[in-house]
file upload.cif (mmCIF, C-alpha atoms and all ligand atoms)
data_coords
#
loop_
_atom_site.label_atom_id
_atom_site.label_comp_id
_atom_site.auth_asym_id
_atom_site.auth_seq_id
_atom_site.Cartn_x
_atom_site.Cartn_y
_atom_site.Cartn_z
CA MET A 1224 26.50 176.84 44.99
CA LYS A 1225 27.54 176.62 48.66
CA THR A 1226 31.15 176.78 49.88
CA ALA A 1227 32.75 174.67 52.61
CA PHE A 1228 36.09 175.44 54.29
CA ILE A 1229 37.59 172.12 55.38
CA THR A 1230 40.75 171.86 57.45
CA GLY A 1231 42.89 168.74 57.20
CA ALA A 1232 41.82 167.90 53.65
CA THR A 1233 45.02 166.12 52.60
CA ALA A 1234 44.03 162.79 54.15
CA GLY A 1235 41.41 160.75 55.96
CA ILE A 1236 38.14 162.35 57.03
CA GLY A 1237 38.89 165.77 55.52
CA GLU A 1238 39.85 164.44 52.10
CA ALA A 1239 36.76 162.20 51.98
CA THR A 1240 34.64 165.20 52.97
CA VAL A 1241 35.96 167.33 50.10
CA ARG A 1242 35.22 164.54 47.61
CA THR A 1243 31.73 163.95 49.04
CA LEU A 1244 30.69 167.61 49.18
CA VAL A 1245 32.03 168.32 45.68
CA ALA A 1246 30.15 165.26 44.34
CA ASN A 1247 27.02 166.76 45.89
CA GLY A 1248 27.36 170.18 44.31
CA TRP A 1249 29.49 172.10 46.82
CA ARG A 1250 32.64 174.17 46.37
CA CYS A 1251 35.41 173.43 48.87
CA VAL A 1252 38.40 175.26 50.27
CA ALA A 1253 40.76 172.36 51.01
CA THR A 1254 43.51 173.04 53.56
CA GLY A 1255 46.56 171.21 54.89
CA ARG A 1256 50.35 171.38 54.86
CA ARG A 1257 50.99 168.82 52.08
CA GLU A 1258 50.68 171.01 49.02
CA GLU A 1259 51.12 168.19 46.49
CA ARG A 1260 48.06 166.40 47.89
CA LEU A 1261 45.97 169.58 47.74
CA ASP A 1262 47.12 170.18 44.16
CA ALA A 1263 46.15 166.60 43.27
CA LEU A 1264 42.64 167.20 44.65
CA VAL A 1265 42.31 170.40 42.61
CA GLY A 1266 43.59 168.55 39.52
CA GLU A 1267 41.09 165.74 40.01
CA LEU A 1268 38.00 167.69 41.06
CA GLY A 1269 38.56 170.96 39.19
CA LYS A 1270 39.72 174.43 40.22
CA ASP A 1271 36.21 175.82 39.92
CA ARG A 1272 35.16 173.38 42.70
CA VAL A 1273 38.25 173.10 44.93
CA HIS A 1274 40.58 175.86 46.09
CA ALA A 1275 43.82 174.69 47.71
CA ALA A 1276 44.90 176.71 50.76
CA CYS A 1277 48.23 175.36 51.95
CA PHE A 1278 49.14 176.44 55.48
CA ASP A 1279 49.99 175.09 58.90
CA VAL A 1280 46.93 175.73 61.09
CA ARG A 1281 49.28 176.70 63.95
CA ASP A 1282 50.65 179.60 61.92
CA ARG A 1283 48.31 182.58 62.38
CA GLU A 1284 49.95 184.66 59.65
CA GLY A 1285 49.70 181.76 57.21
CA MET A 1286 46.04 181.35 58.14
CA ASP A 1287 45.38 185.09 57.63
CA ALA A 1288 47.11 185.00 54.23
CA ALA A 1289 45.09 181.94 53.18
CA ILE A 1290 41.80 183.62 54.15
CA ALA A 1291 42.77 186.91 52.50
CA GLY A 1292 43.82 185.01 49.37
CA LEU A 1293 40.50 183.23 48.83
CA PRO A 1294 39.19 183.85 45.31
CA ASP A 1295 35.86 185.74 45.33
CA GLU A 1296 33.77 182.66 44.58
CA PHE A 1297 35.29 180.80 47.57
CA ALA A 1298 35.33 183.75 50.01
CA GLY A 1299 31.74 183.44 51.23
CA VAL A 1300 32.02 180.45 53.54
CA ASP A 1301 28.73 178.63 54.28
CA LEU A 1302 30.22 175.70 56.20
CA LEU A 1303 33.35 175.45 58.33
CA VAL A 1304 34.55 171.91 59.02
CA ASN A 1305 37.03 172.04 61.91
CA ASN A 1306 38.74 168.73 61.22
CA ALA A 1307 42.56 169.12 61.22
CA GLY A 1308 44.01 167.41 64.25
CA LEU A 1309 46.24 164.70 65.54
CA ALA A 1310 47.30 162.45 68.37
CA GLN A 1311 51.04 162.34 68.82
CA GLY A 1312 53.17 160.22 71.13
CA LEU A 1313 50.31 158.90 73.27
CA SER A 1314 51.99 157.55 76.39
CA PRO A 1315 51.41 157.69 80.14
CA ALA A 1316 51.60 161.29 81.39
CA GLN A 1317 54.64 160.48 83.47
CA ASP A 1318 56.57 159.52 80.30
CA ALA A 1319 55.12 162.14 77.97
CA ASN A 1320 57.14 164.39 75.72
CA LEU A 1321 56.12 168.01 76.31
CA ASP A 1322 56.64 168.91 72.65
CA ASP A 1323 54.05 166.29 71.68
CA TRP A 1324 51.63 167.78 74.19
CA GLN A 1325 52.25 171.29 72.88
CA THR A 1326 51.72 170.16 69.27
CA MET A 1327 48.34 168.62 70.15
CA ILE A 1328 47.19 171.70 72.08
CA ASP A 1329 48.35 174.08 69.33
CA THR A 1330 46.67 172.04 66.57
CA ASN A 1331 43.56 170.57 68.16
CA VAL A 1332 42.67 173.49 70.43
CA THR A 1333 44.33 176.82 69.58
CA ALA A 1334 44.18 176.58 65.80
CA MET A 1335 40.53 175.53 65.90
CA VAL A 1336 39.44 178.47 68.03
CA VAL A 1337 41.51 180.99 66.06
CA LEU A 1338 40.15 179.85 62.68
CA THR A 1339 36.60 179.73 63.98
CA ARG A 1340 36.84 183.28 65.32
CA LYS A 1341 38.21 184.53 61.99
CA LEU A 1342 35.44 182.91 59.92
CA LEU A 1343 32.52 183.73 62.25
CA PRO A 1344 31.59 187.05 60.56
CA THR A 1345 31.09 185.43 57.15
CA LEU A 1346 29.36 182.40 58.68
CA ILE A 1347 26.91 184.67 60.54
CA GLU A 1348 26.33 186.84 57.47
CA ARG A 1349 25.46 183.74 55.43
CA ARG A 1350 23.53 181.93 58.21
CA GLY A 1351 26.00 179.09 57.69
CA ALA A 1352 27.12 176.10 59.74
CA ILE A 1353 30.05 174.87 61.79
CA ILE A 1354 30.84 171.18 62.15
CA ALA A 1355 33.74 170.14 64.38
CA ILE A 1356 35.38 166.73 64.51
CA GLY A 1357 35.83 166.06 68.19
CA SER A 1358 36.23 162.49 69.44
CA VAL A 1359 34.92 159.83 71.77
CA ALA A 1360 38.29 160.43 73.46
CA GLY A 1361 36.76 163.66 74.74
CA ASN A 1362 33.90 161.73 76.36
CA TYR A 1363 35.61 158.61 77.75
CA VAL A 1364 39.22 158.69 78.88
CA TYR A 1365 41.69 155.89 78.24
CA PRO A 1366 45.25 155.30 79.44
CA GLY A 1367 47.76 157.38 77.50
CA GLY A 1368 45.01 159.64 76.14
CA ASN A 1369 45.80 162.50 78.55
CA VAL A 1370 46.35 165.65 76.45
CA TYR A 1371 44.74 164.24 73.29
CA ALA A 1372 41.62 163.37 75.32
CA GLY A 1373 41.69 166.81 76.97
CA SER A 1374 42.03 168.56 73.62
CA LYS A 1375 39.06 166.63 72.22
CA ALA A 1376 36.94 167.31 75.32
CA PHE A 1377 37.73 170.95 74.61
CA ALA A 1378 36.70 170.55 70.96
CA ASN A 1379 33.43 168.85 71.92
CA HIS A 1380 32.57 171.52 74.50
CA PHE A 1381 33.83 174.58 72.62
CA THR A 1382 31.57 173.52 69.77
CA LEU A 1383 28.53 173.20 72.06
CA ALA A 1384 29.41 176.57 73.59
CA LEU A 1385 29.48 178.14 70.12
CA ARG A 1386 25.96 176.89 69.63
CA ALA A 1387 24.90 178.87 72.70
CA ASP A 1388 26.73 182.03 71.61
CA LEU A 1389 25.30 181.84 68.10
CA HIS A 1390 21.73 181.54 69.36
CA GLY A 1391 19.49 183.70 67.21
CA THR A 1392 21.96 184.06 64.33
CA GLY A 1393 20.65 181.12 62.32
CA VAL A 1394 24.13 179.53 62.31
CA ARG A 1395 23.95 175.79 62.93
CA VAL A 1396 26.64 174.12 65.04
CA THR A 1397 27.40 170.42 65.42
CA SER A 1398 29.98 168.41 67.29
CA ILE A 1399 30.73 165.06 65.62
CA GLU A 1400 32.48 162.70 68.04
CA PRO A 1401 33.83 159.58 66.28
CA GLY A 1402 35.52 156.50 67.65
CA MET A 1403 37.94 154.45 65.59
CA VAL A 1404 38.22 155.56 61.97
CA GLU A 1405 40.84 154.00 59.68
CA THR A 1406 42.91 156.94 58.37
CA GLU A 1407 46.51 158.16 58.60
CA PHE A 1408 45.67 159.35 62.14
CA THR A 1409 46.96 156.09 63.58
CA VAL A 1410 50.15 156.24 61.53
CA VAL A 1411 50.87 159.61 63.18
CA ARG A 1412 49.72 158.30 66.57
CA THR A 1413 51.87 155.16 66.56
CA GLY A 1414 54.72 156.45 64.41
CA SER A 1415 54.55 153.67 61.78
CA GLN A 1416 52.31 152.21 59.11
CA GLU A 1417 52.95 148.72 60.49
CA ALA A 1418 51.80 149.59 64.02
CA SER A 1419 48.81 151.37 62.54
CA ASP A 1420 47.85 148.29 60.49
CA ASP A 1421 48.13 146.19 63.68
CA LEU A 1422 45.69 148.47 65.52
CA TYR A 1423 43.05 148.19 62.81
CA ARG A 1424 43.55 144.45 62.11
CA GLY A 1425 40.28 142.55 62.61
CA ALA A 1426 38.55 145.62 64.06
CA ASP A 1427 36.41 146.56 61.07
CA PRO A 1428 36.83 150.26 61.89
CA MET A 1429 34.80 153.14 60.47
CA THR A 1430 36.15 154.82 57.34
CA GLY A 1431 36.74 158.46 56.47
CA GLN A 1432 33.81 158.06 54.08
CA ASP A 1433 31.49 157.11 56.98
CA ILE A 1434 32.28 160.41 58.68
CA ALA A 1435 32.19 162.38 55.42
CA ASP A 1436 28.70 161.01 54.73
CA THR A 1437 27.64 162.10 58.24
CA ILE A 1438 29.03 165.60 57.63
CA HIS A 1439 27.21 165.80 54.30
CA TRP A 1440 23.94 164.62 55.86
CA ILE A 1441 24.17 167.23 58.63
CA ALA A 1442 25.20 170.01 56.23
CA GLU A 1443 22.14 169.46 54.05
CA LEU A 1444 19.49 169.16 56.76
CA PRO A 1445 16.71 171.76 56.58
CA PRO A 1446 17.79 175.15 58.01
CA HIS A 1447 15.45 174.90 61.03
CA LEU A 1448 17.10 171.69 62.27
CA ASN A 1449 20.29 171.50 64.36
CA ILE A 1450 22.09 168.30 65.35
CA ASN A 1451 23.91 169.44 68.51
CA ARG A 1452 26.23 166.47 68.87
CA ILE A 1453 26.55 163.00 67.43
CA GLU A 1454 28.81 160.19 68.65
CA LEU A 1455 29.73 157.31 66.32
CA MET A 1456 31.68 154.10 66.81
CA PRO A 1457 32.32 150.96 64.81
CA VAL A 1458 30.23 148.08 66.14
CA SER A 1459 33.47 146.41 67.25
CA GLN A 1460 34.31 149.23 69.70
CA ASP A 1461 32.65 150.12 73.00
CA PHE A 1462 33.41 152.04 76.18
CA ALA A 1463 36.51 151.44 78.29
CA GLY A 1464 35.96 149.43 81.45
CA PHE A 1465 37.08 150.56 84.90
CA ARG A 1466 40.35 149.03 86.11
CA VAL A 1467 41.50 148.12 89.59
CA ALA A 1468 45.21 147.91 90.45
CA ARG A 1469 45.46 145.23 93.15
CA SER A 1470 48.17 145.01 95.77
P1 LIG B 1 44.56 161.98 59.18
O1 LIG B 1 45.90 161.88 59.83
O2 LIG B 1 44.23 161.05 58.08
O3 LIG B 1 44.31 163.49 58.69
C1 LIG B 1 44.67 164.57 59.51
C2 LIG B 1 44.58 165.85 58.71
O4 LIG B 1 44.90 166.96 59.59
C3 LIG B 1 45.56 165.89 57.57
O5 LIG B 1 44.93 166.42 56.42
C4 LIG B 1 46.64 166.84 58.07
O6 LIG B 1 47.19 167.58 56.98
C5 LIG B 1 45.84 167.78 58.96
N1 LIG B 1 46.72 168.44 59.91
C6 LIG B 1 47.33 167.91 61.00
N2 LIG B 1 48.15 168.83 61.57
C7 LIG B 1 48.04 169.96 60.82
C8 LIG B 1 48.64 171.24 60.88
N3 LIG B 1 49.53 171.58 61.85
N4 LIG B 1 48.31 172.16 59.94
C9 LIG B 1 47.42 171.85 58.97
N5 LIG B 1 46.82 170.67 58.85
C10 LIG B 1 47.13 169.72 59.77
O7 LIG B 1 43.52 161.82 60.39
P2 LIG B 1 41.91 161.82 60.47
O8 LIG B 1 41.30 162.13 59.17
O9 LIG B 1 41.51 160.60 61.18
O10 LIG B 1 41.72 163.02 61.51
C11 LIG B 1 40.88 164.12 61.29
C12 LIG B 1 40.29 164.54 62.64
O11 LIG B 1 39.48 163.47 63.13
C13 LIG B 1 41.30 164.85 63.73
O12 LIG B 1 40.90 166.03 64.39
C14 LIG B 1 41.21 163.65 64.66
O13 LIG B 1 41.52 163.98 65.99
C15 LIG B 1 39.75 163.30 64.51
N6 LIG B 1 39.39 161.95 64.91
C16 LIG B 1 39.98 160.88 64.27
C17 LIG B 1 39.64 159.59 64.66
C18 LIG B 1 40.28 158.38 64.07
O14 LIG B 1 40.15 157.29 64.66
N7 LIG B 1 40.93 158.48 62.91
C19 LIG B 1 38.63 159.36 65.70
C20 LIG B 1 38.07 160.56 66.28
C21 LIG B 1 38.44 161.79 65.87
P3 LIG B 1 48.77 167.80 56.70
O15 LIG B 1 49.52 166.71 57.40
O16 LIG B 1 48.89 167.76 55.20
O17 LIG B 1 49.02 169.15 57.25
C1 LIG B 2 40.49 158.83 68.51
C2 LIG B 2 39.37 157.94 68.83
O1 LIG B 2 38.67 155.58 69.36
O2 LIG B 2 40.66 155.84 68.05
O3 LIG B 2 40.02 160.14 68.43
O4 LIG B 2 40.70 156.41 70.38
S1 LIG B 2 39.88 156.36 69.18
#

call {"tool": "encode", "arguments": {"input": "upload.cif", "output": "structure tokens"}}
result
Amino acid sequence: MKTAFITGATAGIGEATVRTLVANGWRCVATGRREERLDALVGELGKDRVHAACFDVRDREGMDAAIAGLPDEFAGVDLLVNNAGLAQGLSPAQDANLDDWQTMIDTNVTAMVVLTRKLLPTLIERRGAIIAIGSVAGNYVYPGGNVYAGSKAFANHFTLALRADLHGTGVRVTSIEPGMVETEFTVVRTGSQEASDDLYRGADPMTGQDIADTIHWIAELPPHLNINRIELMPVSQDFAGFRVARS
């Protein structure tokens, strides 16, 4: 049985990924800060299939303790899903709150590279795979995206760069770059459930399950095949147009 290590498994894409992989015969290490949600997943899916690792990805000591504390059957990681992330306080750069910017850099960039570095030895030993959840925001900028967009451009490119470094190891590396997915992401981004509901209204967005199914498909491709990057959007969404400010 293969083991996946999935960050951000308490909600949205990460939670759907745990459910999908477990339903397809995988074991999962499910991580996040909300312990009660991790415990509920273990209760529902079984402790032989899901191990809860509760830590803040920005806390290196917590991350080390979580990795060191993996039970033997979960310690050999075959798939790392770098998913935990957030957009916080998206506003024009000139109005931005520096703490929001720092939180996004620490979570979306620093934590991802630290965790990846720590799990690379086991991933190489097992000829495993890395799948990162970047974003279309890393490919097309939009007003207010600033540091979130920058952090996701980093995620998209760091993941492609890993592919180059891991050449010859047999480790597969994929950058998944989604557009609008209906999850708690927008509650965090806007600060309220109501504003989040407004953003999704009538948009027929993608679901966490859509992305989880994509992750599962990529994870189970034959070992000689690598999807380098894949960008997904709901049909209702397309690219931002150029704007002209007229005098
Ligand atoms: P959710 O808000 O539903 O889930 C985010 C997950 O990240 C939660 O499980 C949360 O866990 C975890 N997380 C956030 N901060 C931390 C932290 N400091 N330590 C540990 N875990 C953390 O959002 P999504 O499922 O939508 O987001 C998942 C990824 O997908 C993100 O990287 C996001 O940027 C990306 N993405 C999302 C899109 C969308 O439209 N929804 C589009 C493109 C990309 P907890 O709070 O329990 O710690
Ligand atoms: C966020 C993508 O399309 O919601 O990562 O701005 S989108």

call {"tool": "atom_distance", "arguments": {"input": "upload.cif", "atom1": "atom CA of A:His1274", "atom2": "atom CA of A:Asp1329"}}
result
24.6 Å

call {"tool": "atom_distance", "arguments": {"input": "upload.cif", "atom1": "atom O3 of ligand LIG 1 (chain B)", "atom2": "atom CA of A:Ala1310"}}
result
10.2 Å

call {"tool": "residues_near_ligand", "arguments": {"input": "upload.cif", "ligand": "ligand LIG 2 (chain B)", "cutoff": "7 Å", "atoms": "only C-alpha atoms and all ligand atoms", "output": "PDB file with C-alpha atoms, in the coordinates of the input"}}
result
ATOM      1  CA  SER A1358      36.230 162.490  69.440  1.00  0.00           C
ATOM      2  CA  VAL A1359      34.920 159.830  71.770  1.00  0.00           C
ATOM      3  CA  ALA A1360      38.290 160.430  73.460  1.00  0.00           C
ATOM      4  CA  PRO A1401      33.830 159.580  66.280  1.00  0.00           C
ATOM      5  CA  GLY A1402      35.520 156.500  67.650  1.00  0.00           C
ATOM      6  CA  MET A1403      37.940 154.450  65.590  1.00  0.00           C
ATOM      7  CA  VAL A1404      38.220 155.560  61.970  1.00  0.00           C
TER       8      VAL A1404
END

call {"tool": "atom_distance", "arguments": {"input": "upload.cif", "atom1": "atom O14 of ligand LIG 1 (chain B)", "atom2": "atom CA of A:Thr1430"}}
result
8.7 Å

call {"tool": "residues_near_ligand", "arguments": {"input": "upload.cif", "ligand": "ligand LIG 1 (chain B)", "cutoff": "7 Å", "atoms": "only C-alpha atoms and all ligand atoms", "output": "PyMOL selection string"}}
result
chain A and resi 1230-1238+1254-1257+1278-1281+1306-1310+1330-1331+1356-1359+1400-1409+1411+1431

call {"tool": "residues_near_point", "arguments": {"input": "upload.cif", "point": "(41.0, 171.2, 44.1)", "cutoff": "12 Å", "atoms": "all atoms listed in the file", "output": "VMD selection string"}}
result
chain A and resid 1229 1232 to 1233 1238 1241 to 1242 1245 1249 to 1254 1258 to 1277 1297

call {"tool": "residues_near_point", "arguments": {"input": "upload.cif", "point": "(41.1, 182.9, 54.5)", "cutoff": "10 Å", "atoms": "only C-alpha atoms", "output": "tab-separated table (two decimals) with C-alpha atoms, keeping the file's coordinate frame"}}
result
chain	number	residue	atom	x	y	z
A	1228	PHE	CA	36.09	175.44	54.29
A	1252	VAL	CA	38.40	175.26	50.27
A	1276	ALA	CA	44.90	176.71	50.76
A	1285	GLY	CA	49.70	181.76	57.21
A	1286	MET	CA	46.04	181.35	58.14
A	1287	ASP	CA	45.38	185.09	57.63
A	1288	ALA	CA	47.11	185.00	54.23
A	1289	ALA	CA	45.09	181.94	53.18
A	1290	ILE	CA	41.80	183.62	54.15
A	1291	ALA	CA	42.77	186.91	52.50
A	1292	GLY	CA	43.82	185.01	49.37
A	1293	LEU	CA	40.50	183.23	48.83
A	1294	PRO	CA	39.19	183.85	45.31
A	1297	PHE	CA	35.29	180.80	47.57
A	1298	ALA	CA	35.33	183.75	50.01
A	1299	GLY	CA	31.74	183.44	51.23
A	1300	VAL	CA	32.02	180.45	53.54
A	1338	LEU	CA	40.15	179.85	62.68
A	1341	LYS	CA	38.21	184.53	61.99
A	1342	LEU	CA	35.44	182.91	59.92

call {"tool": "closest_residue", "arguments": {"input": "upload.cif", "among": "A:Asp1323, A:Val1410, A:Asn1247, A:Gln1311", "to": "A:Leu1422", "atoms": "all atoms listed in the file"}}
result
A:Val1410

call {"tool": "residues_around", "arguments": {"input": "upload.cif", "residues": "A:Arg1386", "least_positions_apart": "4", "cutoff": "7 Å", "atoms": "all atoms listed in the file", "output": "list in words"}}
result
Thr1382, His1390 and Val1396 of chain A

call {"tool": "closest_residue", "arguments": {"input": "upload.cif", "among": "A:Ala1246, A:Asp1282, A:Thr1392, A:Glu1443", "to": "A:Thr1333", "atoms": "all atoms listed in the file"}}
result
A:Asp1282

call {"tool": "closest_residue", "arguments": {"input": "upload.cif", "among": "A:Ile1347, A:Val1370, A:Val1336, A:Gly1361", "to": "A:Asn1320", "atoms": "all atoms listed in the file"}}
result
A:Val1370

call {"tool": "residues_around", "arguments": {"input": "upload.cif", "residues": "A:Ala1355", "least_positions_apart": "6", "cutoff": "8 Å", "atoms": "only C-alpha atoms", "output": "VMD selection string"}}
result
chain A and resid 1304 to 1306 1378 to 1379 1382 1397 to 1399
